[in-house]
file run.cif (mmCIF, C-alpha atoms and all ligand atoms)
data_data
#
loop_
_atom_site.label_atom_id
_atom_site.label_comp_id
_atom_site.auth_asym_id
_atom_site.auth_seq_id
_atom_site.Cartn_x
_atom_site.Cartn_y
_atom_site.Cartn_z
CA MET J 27 53.75 -76.99 -108.41
CA SER J 28 57.38 -77.06 -107.28
CA GLU J 29 59.72 -79.69 -108.69
CA ILE J 30 61.56 -82.25 -106.62
CA ASN J 31 65.28 -81.58 -106.58
CA TYR J 32 67.64 -84.56 -106.22
CA ARG J 33 71.07 -83.75 -104.87
CA LEU J 34 73.87 -84.94 -102.63
CA GLY J 35 73.27 -84.47 -98.93
CA ARG J 36 75.32 -81.64 -97.44
CA VAL J 37 77.00 -81.58 -94.05
CA ALA J 38 74.60 -78.79 -93.05
CA ASP J 39 71.62 -81.11 -93.82
CA ALA J 40 72.65 -83.68 -91.20
CA ALA J 41 69.87 -82.96 -88.68
CA GLU J 42 67.17 -83.01 -91.36
CA ILE J 43 68.57 -86.22 -92.87
CA ARG J 44 68.64 -87.86 -89.43
CA ASN J 45 64.97 -86.92 -88.88
CA GLN J 46 64.02 -88.35 -92.25
CA ILE J 47 65.85 -91.62 -91.54
CA TRP J 48 63.98 -91.76 -88.22
CA GLN J 49 60.65 -91.34 -90.06
CA GLY J 50 61.41 -94.50 -92.05
CA ARG J 51 62.16 -96.62 -88.97
CA THR J 52 59.33 -99.08 -89.72
CA GLY J 53 61.64 -100.39 -92.44
CA TYR J 54 64.82 -101.02 -90.45
CA PRO J 55 66.08 -101.30 -86.90
CA LEU J 56 67.26 -98.03 -85.30
CA SER J 57 68.60 -97.43 -81.84
CA GLU J 58 66.11 -95.86 -79.41
CA THR J 59 68.71 -93.15 -78.86
CA TYR J 60 68.97 -92.38 -82.57
CA LEU J 61 67.50 -88.88 -82.15
CA SER J 62 69.18 -87.99 -78.88
CA ASP J 63 72.69 -89.42 -79.34
CA MET J 64 74.68 -86.93 -81.40
CA LYS J 65 77.06 -89.63 -82.64
CA PHE J 66 74.43 -90.62 -85.23
CA GLU J 67 74.24 -87.07 -86.58
CA GLU J 68 78.02 -86.90 -86.60
CA ASP J 69 78.11 -90.12 -88.64
CA ILE J 70 75.67 -88.57 -91.13
CA ARG J 71 77.92 -85.51 -91.42
CA HIS J 72 80.83 -87.81 -92.29
CA GLN J 73 78.74 -89.66 -94.85
CA CYS J 74 77.71 -86.36 -96.44
CA ALA J 75 81.36 -85.32 -96.63
CA ARG J 76 82.05 -88.66 -98.39
CA ARG J 77 79.17 -87.93 -100.82
CA SER J 78 77.37 -91.14 -99.91
CA ILE J 79 73.94 -89.63 -99.13
CA ARG J 80 71.42 -88.39 -101.67
CA VAL J 81 68.34 -86.42 -100.80
CA ALA J 82 65.09 -85.46 -102.50
CA GLU J 83 64.13 -81.89 -101.71
CA LEU J 84 60.89 -80.03 -102.28
CA ASP J 85 60.50 -76.36 -101.43
CA HIS J 86 63.78 -76.48 -99.44
CA ARG J 87 62.55 -79.40 -97.31
CA ILE J 88 64.20 -82.81 -97.42
CA LEU J 89 61.46 -85.36 -98.05
CA GLY J 90 63.53 -88.35 -99.09
CA VAL J 91 66.91 -89.79 -98.16
CA MET J 92 69.04 -92.61 -99.53
CA THR J 93 72.25 -93.49 -97.73
CA MET J 94 74.78 -95.83 -99.31
CA ARG J 95 77.53 -97.93 -97.77
CA ALA J 96 79.74 -98.32 -100.84
CA ASN J 97 77.38 -99.95 -103.37
CA GLU J 98 74.80 -101.04 -100.78
CA VAL J 99 71.53 -99.12 -100.50
CA TYR J 100 71.44 -98.79 -96.73
CA TYR J 101 68.68 -96.44 -95.53
CA LEU J 102 66.00 -95.37 -97.98
CA ALA J 103 63.27 -93.29 -96.39
CA ILE J 104 60.58 -91.17 -98.00
CA ASP J 105 58.29 -88.84 -96.08
CA GLU J 106 54.85 -90.46 -95.69
CA ALA J 107 53.15 -87.41 -97.22
CA VAL J 108 54.89 -87.93 -100.57
CA ARG J 109 55.15 -91.70 -100.85
CA ARG J 110 54.13 -93.52 -104.01
CA ARG J 111 55.19 -90.65 -106.25
CA GLY J 112 58.32 -92.29 -107.62
CA ILE J 113 60.81 -90.56 -105.29
CA ALA J 114 62.45 -93.78 -104.05
CA ARG J 115 62.58 -95.10 -107.63
CA SER J 116 64.34 -91.89 -108.72
CA LEU J 117 66.91 -92.25 -105.93
CA ILE J 118 67.57 -95.86 -106.99
CA PHE J 119 67.96 -94.63 -110.57
CA LEU J 120 70.70 -92.25 -109.40
CA ALA J 121 72.46 -95.09 -107.55
CA LYS J 122 72.32 -97.19 -110.74
CA LYS J 123 74.01 -94.38 -112.65
CA LYS J 124 76.88 -94.35 -110.19
CA TRP J 125 77.35 -98.08 -109.56
CA SER J 126 77.37 -101.05 -111.94
CA HIS J 127 76.43 -103.41 -109.07
CA LEU J 128 74.04 -102.63 -106.24
CA GLU J 129 73.06 -104.52 -103.12
CA ALA J 130 70.30 -104.11 -100.56
CA LYS J 131 69.13 -106.04 -97.50
CA VAL J 132 65.43 -105.92 -96.81
CA ARG J 133 63.07 -107.38 -94.24
CA ASP J 134 60.94 -110.00 -96.00
CA ASP J 135 57.66 -108.41 -94.83
CA ASN J 136 58.61 -104.96 -96.16
CA ALA J 137 56.27 -105.31 -99.14
CA SER J 138 56.83 -101.82 -100.52
CA MET J 139 60.63 -102.08 -100.58
CA VAL J 140 60.59 -105.65 -101.91
CA SER J 141 58.20 -104.57 -104.67
CA LEU J 142 60.36 -101.56 -105.51
CA LEU J 143 63.53 -103.65 -105.75
CA LEU J 144 61.95 -106.39 -107.85
CA SER J 145 60.43 -103.84 -110.21
CA GLU J 146 63.89 -102.25 -110.52
CA GLY J 147 65.44 -105.52 -111.66
CA PHE J 148 67.00 -106.60 -108.36
CA VAL J 149 67.04 -110.35 -107.70
CA VAL J 150 67.18 -112.23 -104.42
CA ASP J 151 70.69 -113.39 -103.58
CA ARG J 152 70.40 -116.33 -101.18
CA LEU J 153 74.16 -116.29 -100.65
CA MET J 154 74.24 -112.73 -99.35
CA PHE J 155 74.84 -112.75 -95.65
CA CYS J 156 72.07 -111.11 -93.59
CA LYS J 157 72.79 -111.37 -89.90
CA VAL J 158 69.15 -110.83 -88.89
CA PRO J 159 66.66 -113.68 -89.57
CA GLY J 160 63.73 -112.67 -91.77
CA TRP J 161 65.87 -110.43 -93.96
CA SER J 162 67.00 -111.19 -97.52
CA GLY J 163 69.77 -109.88 -99.72
CA TYR J 164 69.03 -108.41 -103.14
CA ARG J 165 71.43 -107.72 -105.97
CA TRP J 166 71.29 -105.71 -109.18
CA SER J 167 73.84 -105.49 -111.97
CA ARG J 168 73.91 -103.22 -115.00
CA ARG J 169 75.12 -106.13 -117.10
CA GLY J 170 72.09 -108.22 -116.04
CA GLU J 171 69.78 -105.33 -116.93
CA MET J 172 71.40 -104.93 -120.37
CA ALA J 173 71.12 -108.69 -120.98
CA LYS J 174 67.39 -108.59 -120.15
CA LEU J 175 66.88 -105.60 -122.47
CA GLY J 176 68.68 -107.54 -125.21
CA GLN J 177 66.26 -110.45 -124.80
CA ALA J 178 63.16 -108.22 -124.87
C1 LIG Y 201 59.84 -98.20 -99.35
C2 LIG Y 201 59.79 -96.70 -99.62
C3 LIG Y 201 61.22 -96.16 -99.59
C4 LIG Y 201 59.18 -96.46 -101.01
O1 LIG Y 201 59.25 -95.07 -101.30
P1 LIG Y 201 58.26 -94.38 -102.38
O2 LIG Y 201 58.89 -93.09 -102.80
O3 LIG Y 201 56.89 -94.33 -101.85
O4 LIG Y 201 58.34 -95.43 -103.57
P2 LIG Y 201 58.03 -95.12 -105.12
O5 LIG Y 201 56.90 -94.16 -105.21
O6 LIG Y 201 59.29 -94.79 -105.82
O7 LIG Y 201 57.46 -96.54 -105.55
C5 LIG Y 201 58.17 -97.37 -106.45
C6 LIG Y 201 57.59 -98.76 -106.39
O8 LIG Y 201 57.77 -99.31 -105.07
C7 LIG Y 201 56.65 -100.18 -104.78
N1 LIG Y 201 55.88 -99.62 -103.68
C8 LIG Y 201 56.07 -98.42 -103.05
N2 LIG Y 201 55.19 -98.28 -102.05
C9 LIG Y 201 54.42 -99.39 -102.06
C10 LIG Y 201 53.34 -99.84 -101.26
N3 LIG Y 201 52.85 -99.09 -100.25
N4 LIG Y 201 52.79 -101.06 -101.52
C11 LIG Y 201 53.27 -101.83 -102.53
N5 LIG Y 201 54.30 -101.45 -103.34
C12 LIG Y 201 54.85 -100.26 -103.09
C13 LIG Y 201 55.82 -100.22 -106.04
O9 LIG Y 201 56.35 -101.23 -106.87
C14 LIG Y 201 56.10 -98.85 -106.63
O10 LIG Y 201 55.84 -98.76 -108.01
P3 LIG Y 201 54.38 -98.29 -108.52
O11 LIG Y 201 54.02 -97.08 -107.72
O12 LIG Y 201 54.63 -98.02 -109.97
O13 LIG Y 201 53.48 -99.46 -108.26
C15 LIG Y 201 58.89 -95.95 -98.58
O14 LIG Y 201 57.66 -96.65 -98.46
C16 LIG Y 201 59.50 -95.81 -97.19
O15 LIG Y 201 60.18 -94.81 -96.89
N6 LIG Y 201 59.26 -96.83 -96.31
C17 LIG Y 201 59.76 -96.80 -94.92
C18 LIG Y 201 61.27 -97.04 -94.88
C19 LIG Y 201 61.66 -98.35 -95.56
O16 LIG Y 201 61.01 -99.37 -95.41
N7 LIG Y 201 62.77 -98.28 -96.34
C20 LIG Y 201 63.29 -99.46 -97.01
C21 LIG Y 201 64.26 -100.20 -96.19
S1 LIG Y 201 65.90 -99.58 -96.44
#

call {"tool": "encode", "arguments": {"input": "run.cif", "output": "structure tokens", "more": "lines below"}}
Ligand SMILES: CC(C)(COP(=O)(O)OP(=O)(O)OC[C@H]1O[C@@H](n2cnc3c(N)ncnc32)[C@H](O)[C@@H]1OP(=O)(O)O)[C@@H](O)C(=O)NCCC(=O)NCCS
result
Amino acid sequence: MSEINYRLGRVADAAEIRNQIWQGRTGYPLSETYLSDMKFEEDIRHQCARRSIRVAELDHRILGVMTMRANEVYYLAIDEAVRRRGIARSLIFLAKKKWSHLEAKVRDDNASMVSLLLSEGFVVDRLMFCKVPGWSGYRWSRRGEMAKLGQA
């Protein structure tokens, strides 16, 4: 069986990345014109050029996407056909290697994402500003993870 390849998103991947983000729209609000308005694809191209998107690729198909806004995990979307195989966890692992602090905002009823974040050592940050009601901020720090490992 082919291996999943994790890599930075490339400018040429923009349309595929946009489609993958659209597939994950149960997890976050997206404009109804997300697929038709080319400004969204253009924005993805810019983000790829800034190296702020990572993808999971299998047999030359992008099946998972994680976009970052600085140290914030912004969109994380995995193709339904390959969920629950550790792809999102691997993408978070890569973000942890790059950043010593991570943030994420998640809808409270998004059980899968909440469970992923908690199992990855994120904690709820009540002070983090979330402009939409029913969303919470989560925070992870490498120092906090090391401290927990020291106590174990
Ligand atoms: C949330 C999401 C990214 C998880 O991707 P995934 O690749 O399936 O997740 P993983 O396989 O890495 O799972 C890691 C952990 O997340 C949690 N998790 C994932 N899916 C879950 C589910 N359906 N129910 C409960 N927990 C779940 C579990 O803790 C899991 O660990 P385990 O399998 O050892 O129990 C994926 O379901 C998705 O794309 N959802 C739609 C978009 C979205 O909501 N994105 C998050 C908002 S930015």

call {"tool": "closest_atom_pairs", "arguments": {"input": "run.cif", "of": "chain J", "to": "ligand LIG 201 (chain Y)", "cutoff": "8 Å", "atoms": "all atoms listed in the file", "output": "tab-separated table"}}
result
residue	atom	partner	partner_atom	distance
J:Ile47	CA	Y:LIG201	C18	7.8
J:Gln49	CA	Y:LIG201	C17	7.4
J:Gly50	CA	Y:LIG201	C18	3.8
J:Arg51	CA	Y:LIG201	C18	6.0
J:Thr52	CA	Y:LIG201	C17	5.7
J:Gly53	CA	Y:LIG201	O16	3.2
J:Tyr54	CA	Y:LIG201	C21	5.8
J:Gly90	CA	Y:LIG201	O2	7.6
J:Val99	CA	Y:LIG201	S1	7.0
J:Tyr100	CA	Y:LIG201	S1	5.6
J:Tyr101	CA	Y:LIG201	S1	4.3
J:Leu102	CA	Y:LIG201	S1	4.5
J:Ala103	CA	Y:LIG201	O15	3.5
J:Ile104	CA	Y:LIG201	O15	3.8
J:Asp105	CA	Y:LIG201	O15	6.3
J:Glu106	CA	Y:LIG201	O15	7.0
J:Val108	CA	Y:LIG201	O3	6.8
J:Arg109	CA	Y:LIG201	O3	3.3
J:Arg110	CA	Y:LIG201	O5	3.1
J:Arg111	CA	Y:LIG201	O5	4.0
J:Gly112	CA	Y:LIG201	O6	3.2
J:Ile113	CA	Y:LIG201	O2	4.0
J:Ala114	CA	Y:LIG201	O6	3.8
J:Arg115	CA	Y:LIG201	O6	3.8
J:Ser116	CA	Y:LIG201	O6	6.5
J:Ala130	CA	Y:LIG201	S1	7.5
J:Lys131	CA	Y:LIG201	S1	7.3
J:Val132	CA	Y:LIG201	C21	5.9
J:Arg133	CA	Y:LIG201	C21	7.5
J:Asn136	CA	Y:LIG201	O16	6.1
J:Ala137	CA	Y:LIG201	C11	5.7
J:Ser138	CA	Y:LIG201	C12	3.6
J:Met139	CA	Y:LIG201	C1	4.1
J:Val140	CA	Y:LIG201	C7	7.3
J:Ser141	CA	Y:LIG201	O9	4.4
J:Leu142	CA	Y:LIG201	O8	3.5
J:Leu143	CA	Y:LIG201	O8	7.2
J:Leu144	CA	Y:LIG201	O9	7.7
J:Ser145	CA	Y:LIG201	O9	5.9

call {"tool": "atom_distance", "arguments": {"input": "run.cif", "atom1": "CA of Val91 (chain J)", "atom2": "CA of Ile43 (chain J)"}}
result
6.6 Å

call {"tool": "atom_distance", "arguments": {"input": "run.cif", "atom1": "CA of Ile118 (chain J)", "atom2": "CA of Gly35 (chain J)"}}
result
15.1 Å

call {"tool": "closest_residue", "arguments": {"input": "run.cif", "among": "J:Arg152, J:Arg168, J:Arg95, J:Glu146", "to": "Trp125 (chain J)", "atoms": "all atoms listed in the file"}}
result
J:Arg168

call {"tool": "residues_around", "arguments": {"input": "run.cif", "residues": "Met154 (chain J)", "least_positions_apart": "3", "cutoff": "12 Å", "atoms": "all atoms listed in the file", "output": "JSON, numbers by chain"}}
result
{"J": [98, 129, 130, 131, 132, 149, 150, 151, 157, 158, 161, 162, 163, 164, 165]}

call {"tool": "residues_around", "arguments": {"input": "run.cif", "residues": "Glu171 (chain J)", "least_positions_apart": "5", "cutoff": "12 Å", "atoms": "all atoms listed in the file", "output": "PyMOL selection string"}}
result
chain J and resi 122+126-128+145-149+165-166+176-178

call {"tool": "closest_residue", "arguments": {"input": "run.cif", "among": "J:Leu56, J:Ala41, J:Leu61, J:Ala121", "to": "Ser78 (chain J)", "atoms": "all atoms listed in the file"}}
result
J:Ala121

call {"tool": "residues_near_point", "arguments": {"input": "run.cif", "point": "(66.7, -86.1, -84.5)", "cutoff": "12 Å", "atoms": "only C-alpha atoms", "output": "short mmCIF file (atom, residue, chain, number, x, y, z; two decimals) with C-alpha atoms, in the frame of the given file"}}
result
data_model
loop_
_atom_site.label_atom_id
_atom_site.label_comp_id
_atom_site.auth_asym_id
_atom_site.auth_seq_id
_atom_site.Cartn_x
_atom_site.Cartn_y
_atom_site.Cartn_z
CA ASP J 39 71.62 -81.11 -93.82
CA ALA J 40 72.65 -83.68 -91.20
CA ALA J 41 69.87 -82.96 -88.68
CA GLU J 42 67.17 -83.01 -91.36
CA ILE J 43 68.57 -86.22 -92.87
CA ARG J 44 68.64 -87.86 -89.43
CA ASN J 45 64.97 -86.92 -88.88
CA GLN J 46 64.02 -88.35 -92.25
CA ILE J 47 65.85 -91.62 -91.54
CA TRP J 48 63.98 -91.76 -88.22
CA GLN J 49 60.65 -91.34 -90.06
CA LEU J 56 67.26 -98.03 -85.30
CA SER J 57 68.60 -97.43 -81.84
CA GLU J 58 66.11 -95.86 -79.41
CA THR J 59 68.71 -93.15 -78.86
CA TYR J 60 68.97 -92.38 -82.57
CA LEU J 61 67.50 -88.88 -82.15
CA SER J 62 69.18 -87.99 -78.88
CA ASP J 63 72.69 -89.42 -79.34
CA MET J 64 74.68 -86.93 -81.40
CA LYS J 65 77.06 -89.63 -82.64
CA PHE J 66 74.43 -90.62 -85.23
CA GLU J 67 74.24 -87.07 -86.58
CA GLU J 68 78.02 -86.90 -86.60
CA ILE J 70 75.67 -88.57 -91.13
#

call {"tool": "closest_residue", "arguments": {"input": "run.cif", "among": "J:Ala173, J:Leu117, J:Leu153, J:Val37", "to": "Ala82 (chain J)", "atoms": "all atoms listed in the file"}}
result
J:Leu117

call {"tool": "atom_distance", "arguments": {"input": "run.cif", "atom1": "CA of Met94 (chain J)", "atom2": "CA of Leu120 (chain J)"}}
result
11.5 Å

call {"tool": "closest_residue", "arguments": {"input": "run.cif", "among": "J:His72, J:Arg80, J:Arg36, J:Arg87", "to": "Lys124 (chain J)", "atoms": "only C-alpha atoms"}}
result
J:Arg80

call {"tool": "build_atoms", "arguments": {"input": "run.cif", "residues": "region 84-105 of chain J", "atoms": "N, CA and C atoms", "output": "compact mmCIF listing (two decimals), in the coordinates of the input"}}
result
# COMPACT_ATOMS: atom_id res chain seq x y z
N LEU J 84 62.03 -80.75 -101.69
CA LEU J 84 60.89 -80.03 -102.28
C LEU J 84 60.69 -78.77 -101.46
N ASP J 85 60.67 -77.64 -102.12
CA ASP J 85 60.50 -76.36 -101.43
C ASP J 85 61.46 -76.24 -100.23
N HIS J 86 62.71 -76.58 -100.46
CA HIS J 86 63.78 -76.48 -99.44
C HIS J 86 63.57 -77.40 -98.24
N ARG J 87 62.72 -78.40 -98.38
CA ARG J 87 62.55 -79.40 -97.31
C ARG J 87 63.01 -80.75 -97.82
N ILE J 88 63.75 -81.47 -97.02
CA ILE J 88 64.20 -82.81 -97.42
C ILE J 88 63.08 -83.80 -97.13
N LEU J 89 62.60 -84.44 -98.18
CA LEU J 89 61.46 -85.36 -98.05
C LEU J 89 61.85 -86.81 -98.38
N GLY J 90 63.07 -86.99 -98.79
CA GLY J 90 63.53 -88.35 -99.09
C GLY J 90 65.02 -88.43 -98.91
N VAL J 91 65.48 -89.59 -98.43
CA VAL J 91 66.91 -89.79 -98.16
C VAL J 91 67.31 -91.19 -98.61
N MET J 92 68.45 -91.28 -99.25
CA MET J 92 69.04 -92.61 -99.53
C MET J 92 70.50 -92.55 -99.09
N THR J 93 70.84 -93.41 -98.13
CA THR J 93 72.25 -93.49 -97.73
C THR J 93 72.83 -94.76 -98.34
N MET J 94 74.11 -94.69 -98.71
CA MET J 94 74.78 -95.83 -99.31
C MET J 94 75.99 -96.20 -98.45
N ARG J 95 76.25 -97.48 -98.33
CA ARG J 95 77.53 -97.93 -97.77
C ARG J 95 78.24 -98.60 -98.93
N ALA J 96 79.18 -97.91 -99.55
CA ALA J 96 79.74 -98.32 -100.84
C ALA J 96 78.58 -98.53 -101.80
N ASN J 97 78.45 -99.74 -102.37
CA ASN J 97 77.38 -99.95 -103.37
C ASN J 97 76.10 -100.53 -102.75
N GLU J 98 76.01 -100.50 -101.43
CA GLU J 98 74.80 -101.04 -100.78
C GLU J 98 73.82 -99.90 -100.44
N VAL J 99 72.58 -100.07 -100.90
CA VAL J 99 71.53 -99.12 -100.50
C VAL J 99 71.24 -99.44 -99.04
N TYR J 100 71.49 -98.48 -98.16
CA TYR J 100 71.44 -98.79 -96.73
C TYR J 100 70.12 -98.29 -96.12
N TYR J 101 69.97 -96.99 -95.96
CA TYR J 101 68.68 -96.44 -95.53
C TYR J 101 68.03 -95.76 -96.72
N LEU J 102 66.78 -96.07 -96.94
CA LEU J 102 66.00 -95.37 -97.98
C LEU J 102 64.69 -95.01 -97.30
N ALA J 103 64.45 -93.73 -97.15
CA ALA J 103 63.27 -93.29 -96.39
C ALA J 103 62.62 -92.10 -97.08
N ILE J 104 61.34 -92.23 -97.34
CA ILE J 104 60.58 -91.17 -98.00
C ILE J 104 59.49 -90.71 -97.04
N ASP J 105 59.31 -89.41 -96.95
CA ASP J 105 58.29 -88.84 -96.08
C ASP J 105 56.92 -89.43 -96.45
